[in-house]
Amino acid sequence: MAKSPFRASLRRDWRERDVRVVLTALIIAVATVATITLFADQLQRTLTLSASSFLAADRQLISENGQPVPAEWLAEAELRGLATAKMVRFPTMMFGDGNFQLVSVKAVSAGYPLRGQIEIQTTPDSAREMRARGPEPGTVWVGPRLLQLLKVSVGDPVEVGELELRVSGLLIREPDGGFSLSGLAPRVMMHADDVAATGVVQQGSRVAHVALFAGDEGVLTRFGRWLQPKLLPSQDWVSIHDGETLSASLEKAERFLLLGGSIAVLLAAVAVAVASRQYALSQRDSVALLKTLGLTGKAAGRLYVWRLLSWGVAGALAGILVALPLYAALAGLLASVLESEFALQVEPRALLPALVTALIAMFAFAWPPIRRLQTVPAMRVLRSEPGESRLAVIPDIAIAVGAMVVLLWLYARDVTLVVALLAGLALLLATLAVLGWLMVLALKGVIGGGSSWRLALVALYRHRRASLSQISVFALTVMLACTLLLIRTSLLSDWQAQLPEDAPNHFLINISPQAVAEVKDFWGERGHGINAVYPMVRGRLTELNGQPVRQVVSKDERVEALNRELNLTWTDRMPADNQLLAGRWFEPGETRGVSVEAELAQRLGISLGDQLGFTIGSETITEPVTSIRSVQWDNMRPNFYMIFPPQGALDTMPATWMTSFYLPETAKQELNGFSRAFPTVSVLEVDHIIARIQSIVAQVTQAIEAILWLILAAALVVMAAVVSATLQDRQREGALLRTLGARQTLLVRSTMAEFALLGFFAGLLGVAGSEAAVWGLQYRVFEAPFRMHWGVILPIPLVSALILALFGRWQLKPVLRVSPMLLLRRLE
Amino acid sequence: MTVDKQTDGEHSHIMLRLHNVSHRVDLGHDTLTILQGVNGEINRGESVAIVGPSGSGKTTLLGMMAGLDTPTEGTIELDGAVISAMSEDQRAQLRAQRVGFVFQSFQLLPSLSALENVMLPLELAGHKAPLQRATELLNRVGLGERLRHTPRQLSGGEQQRVAIARAFASEPTVLFADEPTGNLDKHTGAAISDLLMDLNREQGATLVMVTHDEQLAARCQRRLNIDAGVLSEPGVPA
């Protein structure tokens, strides 16, 4: 084909309103998808970095068998470009000034920490400082409590095994602090090179060797795959995704972003499909004319393929140009929230989904209606041929649905997500079919009578095909935007409920039975009330129905709870956020039985009535399972696998008590007084962990808000595209109605009423569709219980009615501005 | 303002009066004069043809007389009401009550059936039985069998019949026709002319028509010529 006619046709195309709509839709599609993928990528990097400091690395390899991580594994990691560091954790006695204390040592190599920083004080009164590396060889940092326990000061010597070390700082916070109730001994941090000289770590010692890794996510994943088959059961490959609260939040945020992206893709596809169908219809006359001039059907096909391809390229490039500043703005916002600097990083890989979207949108959504131009008869020039048959669009719809599945899959790679969205769509379409039929029946008898509402109803009926297709598109748009809105709302409230402002941030452990009342009073007098205090008896689960539990449990199930002592407790009242799943709670006065946590019960195959044997010290007790309950592990309160009744089997066992409570930052100094008054009670400060989680949730929330706005903007554009697809017809109708004597106010009111009705029905259907989609997503993807969102059932249709009424008004503007005569001439 | 049928105009024999009507369009660098000091009267029940070459201002004058647009100068009275001084809404109301239109390009709404197209002005005027009245009129113009057909399914002549039925639906006192046979062949054009003249007679309306069709012009009681925006009547000094 000669180039110049093609170029000329492109120039002419640009003057066509429908082409501009197709291109605008495409640019928005590409821009939205590109912005979301770029931003999601950035968010991912930022969050991973922020979350990685929980591990002081991106990955940890924990070896609990007393053997160091093989040097060749570390060498392999370094060969692959990963940064590595090592640490050794072991309990030992520390001596100082004639006193001794059991401590928990962490010996770190020079690279530690690979992510995050260590917070220390050089003296008890000095300001807190952030350090990027651990103590120098020959020195040690100790927990502040240890100074009191050993009666030493900073600068004094202490002994670990055979080695004397100098205290050079107070360890306030480690990036990989974490917390576990078993790690109660005061923390000490020293240099890994000093470990050998202590002589403490020997064959068979209780010691954990940890290798730390950081670097490119892809390399880490590949290294992990290389490592997996070599790992022994006692070695664990840990990523940030294995944590509890944080990983769940991160995963949900990732899924939300994916959902947002998928929805952007769907909205874009709808806009492109609507606009290109309109374009194809408008081209029928031109093609017929060209055919009379000798153009063959095939040549017409080729002409339009080239056009589509060039629009696709132009739209994709323009979309990416629009996306870049948007991404920069969002990333800047994120950086300001994080109070961190950010590097704009445009990964070409992140632009790929946008380009694929452009191509699929062009060829799956725009091509089918345009393809049929090949078959437009030349006779059309002479005689007005009937319009397209309704059956003709069935293959189009099939192709479009297929393409949607492919796009969603490419984008989300999550079967549930795709299925939930498609099920929502299917439900929506089925409802629409029924509603359309009902609408035709209901409106058939309505005949205009001068009032704007009656005229609006008549118009809805008269244009029933257009009305139905507009309702479909609007309902789809509302459904998608609303799904995102509902998921976001429930995600945020979930997170907030999980960690409220006053979530307990301090644990008190090792409270002697006699001291319980005094401890309660101590904090009560200072205005920090303590609610539940639990007794704690340490014991192992050893038998299940008379059989050793390790034999009963299959080897594939590595249950951590079996490897260590469990904290057993008794209470007459079930903890507030536990939920009874099976059996019944203890009756008052009941002394037999045990209540088991649901996940553990499931993994060990424990059911109601089973006999559980526990070894506590030298004694063994056996109790029947009377209930199974769920536990919120991430609520920062004391949680227990096993709960016994008061005056039950644990009653005679030696117990200490524990509790958790909220202490505001401003009251932190009260802890010093507490430690002096109750030297034997251990205080576990988890406030920094909670603060970190809360700040990450805040970042994710901001990101989610930003993406929601983007999607809502895209939804508005789809609506505008659909409304403007019928612009010419409606303007002609408006002009004619004015000629026939319709007053402007009547025209405005009836048009707005018609659009408001369309918007209301679409909103109602959209909300119903989104409830269905959210139901599926909540259950399967976000693992949260589903609730009907009664609060939005009316407001959303009303807002959608208002928005569409305004669109209708906007569309009418040119009709009202010029004289009807001029308008009719213009539209002829 | 409502246009009260009981104005003096009701009893006057003048249906349309034009006084010094001029219309200019500002083109930015230049001003285009379309109508130049047009004067004239058309009596109630009269049929008048306005003829003239293309671009002479015929259609503009017709639009002004029908109140679709207002002149830059001069006054136009329609049925006793000074429409050149009325607001757009007042003119719209007057059109709904007293004016019918037939266009060269039919101006039917493509998505509506023939019946619905004819019902449109009746519904706007709040007619009590629009369906019945529209059906009657379509029967009258010979399209009783094609009520449910859309314009696409009708020939040009049939579409113009629908347009004529629509024009007479609200029983206008004056009918404006812009080249009503301009898009039709000679034979169909003649049939449409017959229909238009017959219906006009039956309804006793005033008919003002712009046409190139000499035969159609000859069937009108008066003939006005327009050239370069200036109106004249053969045999009457300008």
# chains A, B, ... in the order shown; residues from 1 in each chain; ligands from 1

$ interface_residues --of "chain B" --to "chain A" --cutoff "8 Å" --atoms "only C-alpha atoms" --output "PyMOL selection string"
chain B and resi 63+68-69+88-97+99-101+105+107+109+111-112+116+120-121+123-128+130+152-153

$ write_last_selection --atoms "C-alpha atoms" --output "short mmCIF file (atom, residue, chain, number, x, y, z; two decimals), in the first residue's frame"
data_model
loop_
_atom_site.label_atom_id
_atom_site.label_comp_id
_atom_site.auth_asym_id
_atom_site.auth_seq_id
_atom_site.Cartn_x
_atom_site.Cartn_y
_atom_site.Cartn_z
CA GLY B 63 -36.04 30.29 10.24
CA LEU B 68 -35.90 29.51 15.27
CA ASP B 69 -33.52 32.43 15.32
CA GLU B 88 -35.90 31.52 23.33
CA ASP B 89 -38.24 29.75 25.74
CA GLN B 90 -41.16 31.99 24.85
CA ARG B 91 -40.55 31.32 21.18
CA ALA B 92 -40.30 27.60 21.93
CA GLN B 93 -43.68 27.69 23.60
CA LEU B 94 -45.16 29.55 20.66
CA ARG B 95 -43.67 26.98 18.26
CA ALA B 96 -45.12 24.15 20.31
CA GLN B 97 -48.59 25.69 20.13
CA VAL B 99 -45.97 26.24 14.35
CA GLY B 100 -45.29 23.16 12.25
CA PHE B 101 -42.13 22.34 10.27
CA SER B 105 -33.73 16.44 4.99
CA GLN B 107 -35.11 15.48 10.35
CA LEU B 109 -34.97 10.76 14.78
CA SER B 111 -33.86 5.57 16.67
CA LEU B 112 -37.60 6.22 16.87
CA GLU B 116 -42.90 7.75 17.89
CA LEU B 120 -42.96 13.69 19.75
CA PRO B 121 -44.56 17.19 19.34
CA GLU B 123 -46.05 14.74 23.93
CA LEU B 124 -44.18 18.01 24.22
CA ALA B 125 -47.46 19.89 24.03
CA GLY B 126 -48.97 17.60 26.66
CA HIS B 127 -51.59 16.21 24.26
CA LYS B 128 -54.05 13.86 25.97
CA PRO B 130 -50.84 11.30 21.42
CA ARG B 152 -33.97 3.64 7.98
CA GLN B 153 -36.62 1.20 6.84
#

$ residues_around --residues "stretch 658-662 of chain A" --least-positions-apart "5" --cutoff "9 Å" --atoms "only C-alpha atoms" --output "list in words"
Asp502, Ala503, Pro504, Asn505, His506, Phe507, Leu508, Ile509, Asn510, Ile511, Val516, His528, Gly529, Ile530, Asn531, Ala532, Val533, Tyr534, Pro535, Met536, Met636, Arg637, Pro638 and Asp687 of chain A

$ residues_around --residues "A:Val774" --least-positions-apart "5" --cutoff "9 Å" --atoms "only C-alpha atoms" --output "list in words"
Ala420, Leu421, Gly424, Thr483, Leu484, Leu486, Ile487, Gly769, Tyr779 and Phe786 of chain A

$ closest_residue --among "A:Val200, A:Val537, A:Ala56, A:Met404" --to "A:Ser239" --atoms "only C-alpha atoms"
A:Ala56

$ residues_around --residues "A:Tyr279" --least-positions-apart "3" --cutoff "7 Å" --atoms "only C-alpha atoms" --output "list in words"
Asp18, Val19, Ala275, Ser276, Ser282 and Gln283 of chain A

$ atom_distance --atom1 "atom CA of A:Arg128" --atom2 "atom CA of A:Pro157"
22.1 Å

$ closest_atom_pairs --of "stretch 90-190 of chain B" --to "stretch 202-218 of chain B" --cutoff "8 Å" --atoms "only C-alpha atoms" --output "tab-separated table"
residue	atom	partner	partner_atom	distance
B:Glu171	CA	B:Gln203	CA	7.2
B:Pro172	CA	B:Ala205	CA	6.7
B:Thr173	CA	B:Ala205	CA	4.7
B:Val174	CA	B:Thr206	CA	4.4
B:Leu175	CA	B:Leu207	CA	4.9
B:Phe176	CA	B:Val208	CA	4.9
B:Ala177	CA	B:Met209	CA	4.5
B:Asp178	CA	B:Val210	CA	5.0
B:Glu179	CA	B:Thr211	CA	4.6
B:Pro180	CA	B:Thr211	CA	7.3
B:Thr181	CA	B:Asp213	CA	7.6
B:Gly182	CA	B:His212	CA	7.5
B:Ala190	CA	B:Leu216	CA	7.9
